[in-house]
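**Student:** Following this message is one structure expressed as structure tokens.
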Amino acid sequence: MTDEKSILNLKEKHGQILKLTSEDQLITAYCKKPTFEIYQKYQHLYKDNPHEAILFLFKECLLEKENYNDEFMLSSGNSIIEVIKKDSEFTINPTPQKDEFKKSAALIRYAFQVDPYKLPMDEFYKLLEEALWLQKHNDNRTENIMMTAFAKTFSN
């Protein structure tokens with residue numbers, strides 16, 4: 001079992017950590033939130049074998065390498081997916097189209113000059129929301145400039 005000091009060290013290193021516990025409270029695992037890159041690999045695996053994809057996601061997020069039974073790993077993997085869904089205001093299909101994520105990643109990279117594939121999923125969605133807001137703001141500004149230009153052109 002992990003003590004408080006170890007938990008604090010994990011939080012410093014990985015940011016927010018997830019404490020996943022079995023229904024009977026006998027098994028506990030500490031996990032980080034998956035990066036965008038890990039989540040994409042999960043999605044790719046999910047197409048062929050959802051069971052293996054969920055196990056992969058759990059193992060990639062696990063902070064303490066211990067052996068767990070498949071039932072606990074599957075349950076915990078599903079819990080991680082639920083956390084990802086809650087982190088986002090967007091509705092996430094567990095198998096969204098690859099293009100949607102590529103477009104989102106490109107938008108984040110352009111707006112914030114960061115590698116979106118290395119971001120934790122919650123940070124990815126926060127930045128995506130901000131990038132979409134910026135894009136809408138710039139579109140509105142461009143629209144206002146165009147309306148002003150047309151008004152001046154046609155008033156002369």
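Chain labels follow the order of the structure tokens: the first chain is A, the next B, and so on; residue numbering restarts at 1 in every chain, and ligands are counted from 1 in their shown order.
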Using only C-alpha atoms, which protein or nucleic acid residues come within 9 Å of Phe36 of chain A? Drop anything in the same chain fewer than 3 positions from it, and give the result as a VMD selection string.
**Tutor:** chain A and resid 39 to 41 105 116 to 121 124
**Student:** Once DSSP has gone over the backbone, tell me which residues of segment 6-134 of chain A are in strand (DSSP E or B), as a PyMOL selection string.
**Tutor:** chain A and resi 17-21+28-32+35+62+120
**Student:** Restricted to N, CA and C atoms, what would the selected residues look like written as a short mmCIF file (atom, residue, chain, number, x, y, z; two decimals), in the first residue's frame?
**Tutor:**
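And here is the file that came out, again.cif:
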data_model
loop_
_atom_site.label_atom_id
_atom_site.label_comp_id
_atom_site.auth_asym_id
_atom_site.auth_seq_id
_atom_site.Cartn_x
_atom_site.Cartn_y
_atom_site.Cartn_z
N ILE A 17 -3.68 12.33 -9.92
CA ILE A 17 -3.64 10.87 -9.99
C ILE A 17 -5.00 10.31 -9.61
N LEU A 18 -5.26 9.13 -10.10
CA LEU A 18 -6.53 8.47 -9.85
C LEU A 18 -6.30 7.31 -8.89
N LYS A 19 -7.10 7.24 -7.85
CA LYS A 19 -7.05 6.11 -6.93
C LYS A 19 -8.21 5.20 -7.29
N LEU A 20 -7.88 4.04 -7.79
CA LEU A 20 -8.90 3.09 -8.22
C LEU A 20 -8.94 1.94 -7.23
N THR A 21 -10.13 1.65 -6.72
CA THR A 21 -10.30 0.64 -5.68
C THR A 21 -11.35 -0.37 -6.11
N THR A 28 -6.24 -1.75 -4.42
CA THR A 28 -6.14 -0.33 -4.77
C THR A 28 -4.99 -0.15 -5.76
N ALA A 29 -5.22 0.66 -6.76
CA ALA A 29 -4.18 0.99 -7.74
C ALA A 29 -4.18 2.50 -7.94
N TYR A 30 -3.00 3.06 -8.17
CA TYR A 30 -2.86 4.48 -8.46
C TYR A 30 -2.47 4.62 -9.93
N CYS A 31 -3.20 5.47 -10.62
CA CYS A 31 -2.98 5.66 -12.05
C CYS A 31 -2.89 7.13 -12.38
N LYS A 32 -2.17 7.43 -13.45
CA LYS A 32 -2.16 8.79 -14.00
C LYS A 32 -3.23 8.83 -15.08
N THR A 35 -2.15 10.10 -21.53
CA THR A 35 -1.82 11.17 -22.46
C THR A 35 -2.67 10.96 -23.71
N LEU A 62 -1.03 2.88 -15.14
CA LEU A 62 -0.66 2.38 -13.83
C LEU A 62 0.67 2.97 -13.37
N PRO A 120 -1.90 15.21 -20.98
CA PRO A 120 -2.94 14.37 -20.37
C PRO A 120 -4.30 14.73 -20.99
#
**Student:** May I have all residues of segment 4-138 of chain A that DSSP, computed from the backbone, assigns to helix (DSSP H, G or I), given as a PyMOL selection string?
**Tutor:** chain A and resi 4-14+36-48+50-61+70-87+98-112+116-118+121-138
**Student:** Choose the residue, out of A:Lys103, A:Lys33, A:Lys65, A:Lys85, that has the smallest atom-to-atom separation from Gly15 of chain A; count only C-alpha atoms.
**Tutor:** A:Lys33
**Student:** Applying 7 Å and only C-alpha atoms, which residues near segment 73-80 of chain A remain after dropping the ones on its own chain fewer than 6 positions away? List them as a PDB file with all heavy atoms, in the first residue's frame.
**Tutor:**
ATOM      1  N   LEU A  20      -7.884   4.037  -7.787  1.00  0.00           N
ATOM      2  CA  LEU A  20      -8.903   3.089  -8.217  1.00  0.00           C
ATOM      3  C   LEU A  20      -8.943   1.938  -7.225  1.00  0.00           C
ATOM      4  O   LEU A  20      -7.915   1.331  -6.923  1.00  0.00           O
ATOM      5  CB  LEU A  20      -8.581   2.584  -9.618  1.00  0.00           C
ATOM      6  CG  LEU A  20      -8.425   3.693 -10.671  1.00  0.00           C
ATOM      7  CD1 LEU A  20      -7.870   3.142 -11.965  1.00  0.00           C
ATOM      8  CD2 LEU A  20      -9.743   4.390 -10.904  1.00  0.00           C
ATOM      9  N   ILE A  54      -8.654  -2.064 -23.330  1.00  0.00           N
ATOM     10  CA  ILE A  54      -8.896  -1.582 -21.965  1.00  0.00           C
ATOM     11  C   ILE A  54      -7.763  -2.008 -21.033  1.00  0.00           C
ATOM     12  O   ILE A  54      -7.302  -1.222 -20.202  1.00  0.00           O
ATOM     13  CB  ILE A  54     -10.270  -2.057 -21.452  1.00  0.00           C
ATOM     14  CG1 ILE A  54     -11.381  -1.406 -22.284  1.00  0.00           C
ATOM     15  CG2 ILE A  54     -10.448  -1.727 -19.978  1.00  0.00           C
ATOM     16  CD1 ILE A  54     -12.753  -1.982 -22.066  1.00  0.00           C
ATOM     17  N   LEU A  55      -7.275  -3.245 -21.213  1.00  0.00           N
ATOM     18  CA  LEU A  55      -6.135  -3.710 -20.420  1.00  0.00           C
ATOM     19  C   LEU A  55      -4.898  -2.859 -20.722  1.00  0.00           C
ATOM     20  O   LEU A  55      -4.151  -2.479 -19.815  1.00  0.00           O
ATOM     21  CB  LEU A  55      -5.836  -5.180 -20.700  1.00  0.00           C
ATOM     22  CG  LEU A  55      -6.855  -6.197 -20.186  1.00  0.00           C
ATOM     23  CD1 LEU A  55      -6.483  -7.599 -20.636  1.00  0.00           C
ATOM     24  CD2 LEU A  55      -6.997  -6.125 -18.678  1.00  0.00           C
ATOM     25  N   LEU A  57      -4.831   0.260 -21.756  1.00  0.00           N
ATOM     26  CA  LEU A  57      -5.020   1.582 -21.156  1.00  0.00           C
ATOM     27  C   LEU A  57      -4.706   1.550 -19.663  1.00  0.00           C
ATOM     28  O   LEU A  57      -3.975   2.415 -19.160  1.00  0.00           O
ATOM     29  CB  LEU A  57      -6.456   2.059 -21.381  1.00  0.00           C
ATOM     30  CG  LEU A  57      -6.791   3.459 -20.888  1.00  0.00           C
ATOM     31  CD1 LEU A  57      -6.004   4.511 -21.664  1.00  0.00           C
ATOM     32  CD2 LEU A  57      -8.279   3.723 -21.037  1.00  0.00           C
ATOM     33  N   PHE A  58      -5.202   0.559 -18.968  1.00  0.00           N
ATOM     34  CA  PHE A  58      -4.933   0.438 -17.538  1.00  0.00           C
ATOM     35  C   PHE A  58      -3.434   0.299 -17.281  1.00  0.00           C
ATOM     36  O   PHE A  58      -2.862   0.997 -16.437  1.00  0.00           O
ATOM     37  CB  PHE A  58      -5.676  -0.752 -16.940  1.00  0.00           C
ATOM     38  CG  PHE A  58      -5.313  -1.025 -15.506  1.00  0.00           C
ATOM     39  CD1 PHE A  58      -5.799  -0.225 -14.489  1.00  0.00           C
ATOM     40  CD2 PHE A  58      -4.456  -2.065 -15.173  1.00  0.00           C
ATOM     41  CE1 PHE A  58      -5.448  -0.456 -13.160  1.00  0.00           C
ATOM     42  CE2 PHE A  58      -4.103  -2.312 -13.858  1.00  0.00           C
ATOM     43  CZ  PHE A  58      -4.596  -1.501 -12.849  1.00  0.00           C
TER      44      PHE A  58
END
**Student:** Do you have the atom CA of Glu71 of chain A-atom CA of Leu8 of chain A distance handy?
**Tutor:**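 According to the coordinates, atom CA of Glu71 of chain A and atom CA of Leu8 of chain A are separated by 27.9 Å.
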**Student:** Give me, please, the distance in Å between atom CA of Asp24 of chain A and atom CA of Asp87 of chain A, quoted to one decimal.
**Tutor:**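 Between these atoms lies a distance of 26.5 Å.
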